[in-house]
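For reference, the structure is listed below as structure tokens.
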Amino acid sequence: MVFDREVDAFMAYAEAMPNNAVLLVDTYDTVQGVRNAISAGKRLREIGGDLSGIRIDSGDLAWLSVRAREMLDAAGYRDPVIYASNELDEHTIESLKEQGAAIDVWGVGTRLVTAYDQPALGGVYKLSAIRRPGEQWVPRVKVSEQTAKVTTPGLLQVRRYSAADGRFIGDMVFDELLPPCDACMMVDPADPTRRTTYGPAQPAEELLVPVFERGRLVYEVPDVKSSRELALSQLGRLDASHLRFLNPHVYKVGLERGLHERKTELILRARDDGHP
């Protein structure tokens, strides 16, 4: 360390950054570090600046953040925010919130930039229909020993159904070549005995839109802010039971019954052709 005392380091940093001073208070003793940050805050006010916040990077984040908030408020520093870091992920953040942690900003680093929970996302192109010049579309299916790798045939579209209060209640995949009637049944591909019926009055919207047609971009790509706002609004329409980390309620996704039956037929036909 360049400075022998933490409070001296804070004072020097505060003078160098009078309008953006966020002080790391857990290098030695967190509670004492908050006291030293308050002292630096007083120095900042003398030179026309102010303390922007403190950061806690170790220890009991829930207890320490609450104690720090109490100390800052008592000293007249209600505006400075409390940052927290130290291997945070969605599970730790949820737990800290449940404990009433007084944390304003979550510093998520390692668990975010390294895709800690799911380090790879597979993406494979699968042909689902073909059309020769001047002819109609013909659905195609790829079979596999792994059920998850068996494709769904047709020109596929996704219809999202909503409840009367706007909550999302199910996503149904259907074939645009054979669109479903107003009242239709959705089949769970993982368990064909599980079925859901949607009536003609059920609010719904189609999700997929063309991006490229004949090699040309036909979609206006939204900016990052708009995409973020849309994502947040869509998440807000999911029931809370789907969003919890521990044993979340499974959101309904399935195939329109006619599509499910055609897929099954094509799979059986393909397997019969391959195994006489």
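A note on labels: chains of the structure tokens are A, B, ... as shown, every chain counts residues from 1, and ligands are counted from 1 in their shown order.
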Shell of 9 Å around Asn86 in chain A, only C-alpha atoms, local chain residues under 5 positions omitted, as a PyMOL selection string = chain A and resi 56-58+107-110
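Between CA of Asp60 in chain A and CA of Ala21 in chain A there is a distance of 23.2 Å.
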message = Which of range 66-235 of chain A end up as strand (DSSP E or B) when DSSP is run on this backbone - answer as a ChimeraX atom specification?
response = /A:81-84,105-106,129-130,138-139,156-162,168-175,184-188,191-198,204-206,212-213,216-217
Pick out the residues sitting within 7 Å of range 139-152 of chain A, and hand them over as a PDB file with C-alpha atoms, in the first residue's frame; count only C-alpha atoms, and ignore anything fewer than 5 positions along from it in its own chain.
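Output below, filename part27.pdb:
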ATOM      1  CA  LEU A 127     -34.223 -27.638 -42.506  1.00  0.00           C
ATOM      2  CA  SER A 128     -37.978 -27.905 -41.792  1.00  0.00           C
ATOM      3  CA  ALA A 129     -39.503 -27.513 -45.260  1.00  0.00           C
ATOM      4  CA  ILE A 130     -38.417 -27.365 -48.913  1.00  0.00           C
ATOM      5  CA  LYS A 263     -44.697 -34.609 -36.943  1.00  0.00           C
ATOM      6  CA  LEU A 266     -43.425 -38.122 -40.570  1.00  0.00           C
ATOM      7  CA  ILE A 267     -41.166 -39.552 -37.851  1.00  0.00           C
TER       8      ILE A 267
END
key: Pick from A:Ala14, A:Gly134, A:Arg228, A:Ala101, whichever lies nearest to Lys42 in chain A using only C-alpha atoms   = A:Ala14
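The list of residues with at least one atom within 9 Å of Asn20 in chain A, based on only C-alpha atoms and without residues fewer than 5 positions apart in the same chain, reads Ala14, Gly49, Asp50, Leu51, Ser52 and Gly53 of chain A.
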message = Could you list, as a PyMOL selection string, every residue within 7 Å of range 166-178 of chain A, counting only C-alpha atoms and ignoring same-chain residues fewer than 6 positions away?
response = chain A and resi 154-160+186+237-239+251-256+259
task = Could you pull out the residues in range 1-101 of chain A that DSSP calls helix (DSSP H, G or I) from the backbone, as a PyMOL selection string?
result = chain A and resi 6-16+30-46+61-74+90-98
Contact residues around range 44-47 of chain A with only C-alpha atoms at 12 Å, ignoring same-chain residues under 3 positions, as a list in words =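 The contact residues come out as Phe10, Met11, Ala12, Tyr13, Ala14, Glu15, Ala16, Met17, Pro18, Asn19, Asn20, Ala21, Val22, Ala37, Ile38, Ser39, Ala40, Gly41, Asp50, Leu51, Ser52, Gly76 and Tyr77 of chain A.
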With C-alpha atoms retained, write the just-selected residues as a JSON list (two decimals), in the first residue's frame.
[["chain", "number", "residue", "atom", "x", "y", "z"],
["A", 10, "PHE", "CA", -9.48, 7.89, 1.01],
["A", 11, "MET", "CA", -8.66, 11.58, 1.45],
["A", 12, "ALA", "CA", -6.22, 11.55, -1.47],
["A", 13, "TYR", "CA", -8.68, 9.75, -3.73],
["A", 14, "ALA", "CA", -11.49, 12.07, -2.70],
["A", 15, "GLU", "CA", -9.44, 15.13, -3.64],
["A", 16, "ALA", "CA", -8.55, 13.57, -7.00],
["A", 17, "MET", "CA", -12.16, 12.52, -7.71],
["A", 18, "PRO", "CA", -14.34, 15.11, -5.96],
["A", 19, "ASN", "CA", -17.39, 14.43, -8.13],
["A", 20, "ASN", "CA", -17.13, 10.64, -8.43],
["A", 21, "ALA", "CA", -15.69, 9.28, -5.20],
["A", 22, "VAL", "CA", -16.75, 5.68, -4.55],
["A", 37, "ALA", "CA", -15.31, 7.11, 4.13],
["A", 38, "ILE", "CA", -17.50, 9.49, 6.15],
["A", 39, "SER", "CA", -14.40, 11.45, 7.13],
["A", 40, "ALA", "CA", -13.40, 11.65, 3.48],
["A", 41, "GLY", "CA", -16.93, 12.79, 2.69],
["A", 50, "ASP", "CA", -19.47, 15.07, -2.16],
["A", 51, "LEU", "CA", -19.20, 11.37, -1.46],
["A", 52, "SER", "CA", -20.78, 9.36, -4.30],
["A", 76, "GLY", "CA", -26.02, 13.02, 7.18],
["A", 77, "TYR", "CA", -25.01, 11.11, 4.03]]
request  = Go through A:Phe212, A:Pro153, A:Trp106, A:Asn36 and flag the residue nearest Leu72 in chain A, using only C-alpha atoms for the distances.
outcome  =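 Once distances to Leu72 in chain A are computed over only C-alpha atoms, the minimum belongs to A:Asn36.
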inquiry  = Which residue is closest to Leu112 in chain A? Choose from A:Asp29, A:Lys126, A:Leu208, A:Glu87 and count only C-alpha atoms.
reply    =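 Of A:Asp29, A:Lys126, A:Leu208, A:Glu87, the one nearest Leu112 in chain A is A:Glu87, counting only C-alpha atoms.
The interatomic distance for the pair CA of Leu24 in chain A and CA of Glu70 in chain A works out to 17.2 Å.
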task = Using CA of Glu6 in chain A and CA of Val25 in chain A as the two end points, give the distance in Å to one decimal.
result =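 A separation of 8.8 Å between them.
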task = Would you please work out which residue, of A:Gly122, A:Ala62, A:Gln234, A:Pro189, is nearest to Ile93 in chain A when using only C-alpha atoms?
result =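 Selected residue with least distance to Ile93 in chain A: A:Ala62.
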remark   = Residue with the minimum atom-to-atom distance to Tyr28 in chain A, picked from A:Leu61, A:Val218, A:Trp137, A:Val7 with only C-alpha atoms counted, is A:Val7
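Every protein or nucleic acid residue with an atom no more than 10 Å from Glu90 in chain A, counting only C-alpha atoms and leaving out same-chain residues fewer than 2 positions away, appears here: Leu88, Thr92, Ile93, Glu94, Ser95, Leu96, Val108, Arg111, Leu112 and Phe245 of chain A.
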Quick one: write out the picked residues with N, CA and C atoms as a PDB file, in the first residue's frame?
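Heads up, here's the output in selection.pdb:
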ATOM      1  N   LEU A  88     -20.869 -12.232  -7.207  1.00  0.00           N
ATOM      2  CA  LEU A  88     -22.331 -12.196  -7.161  1.00  0.00           C
ATOM      3  C   LEU A  88     -22.926 -12.897  -8.375  1.00  0.00           C
ATOM      4  N   THR A  92     -27.298 -15.385  -5.395  1.00  0.00           N
ATOM      5  CA  THR A  92     -26.811 -14.618  -4.254  1.00  0.00           C
ATOM      6  C   THR A  92     -27.576 -13.308  -4.114  1.00  0.00           C
ATOM      7  N   ILE A  93     -27.839 -12.649  -5.245  1.00  0.00           N
ATOM      8  CA  ILE A  93     -28.569 -11.384  -5.206  1.00  0.00           C
ATOM      9  C   ILE A  93     -29.974 -11.588  -4.665  1.00  0.00           C
ATOM     10  N   GLU A  94     -30.639 -12.646  -5.120  1.00  0.00           N
ATOM     11  CA  GLU A  94     -31.986 -12.922  -4.616  1.00  0.00           C
ATOM     12  C   GLU A  94     -31.961 -13.150  -3.109  1.00  0.00           C
ATOM     13  N   SER A  95     -30.974 -13.918  -2.636  1.00  0.00           N
ATOM     14  CA  SER A  95     -30.860 -14.192  -1.206  1.00  0.00           C
ATOM     15  C   SER A  95     -30.611 -12.906  -0.413  1.00  0.00           C
ATOM     16  N   LEU A  96     -29.729 -12.046  -0.920  1.00  0.00           N
ATOM     17  CA  LEU A  96     -29.427 -10.800  -0.224  1.00  0.00           C
ATOM     18  C   LEU A  96     -30.650  -9.893  -0.151  1.00  0.00           C
ATOM     19  N   VAL A 108     -21.841  -7.246 -10.665  1.00  0.00           N
ATOM     20  CA  VAL A 108     -21.727  -8.624 -11.145  1.00  0.00           C
ATOM     21  C   VAL A 108     -20.632  -8.669 -12.198  1.00  0.00           C
ATOM     22  N   ARG A 111     -19.285 -13.917 -12.783  1.00  0.00           N
ATOM     23  CA  ARG A 111     -20.406 -14.801 -13.106  1.00  0.00           C
ATOM     24  C   ARG A 111     -21.196 -14.311 -14.314  1.00  0.00           C
ATOM     25  N   LEU A 112     -20.907 -13.082 -14.761  1.00  0.00           N
ATOM     26  CA  LEU A 112     -21.598 -12.553 -15.936  1.00  0.00           C
ATOM     27  C   LEU A 112     -20.740 -12.723 -17.193  1.00  0.00           C
ATOM     28  N   PHE A 245     -35.975 -18.632  -8.910  1.00  0.00           N
ATOM     29  CA  PHE A 245     -34.830 -19.478  -9.231  1.00  0.00           C
ATOM     30  C   PHE A 245     -34.990 -20.891  -8.700  1.00  0.00           C
TER      31      PHE A 245
END
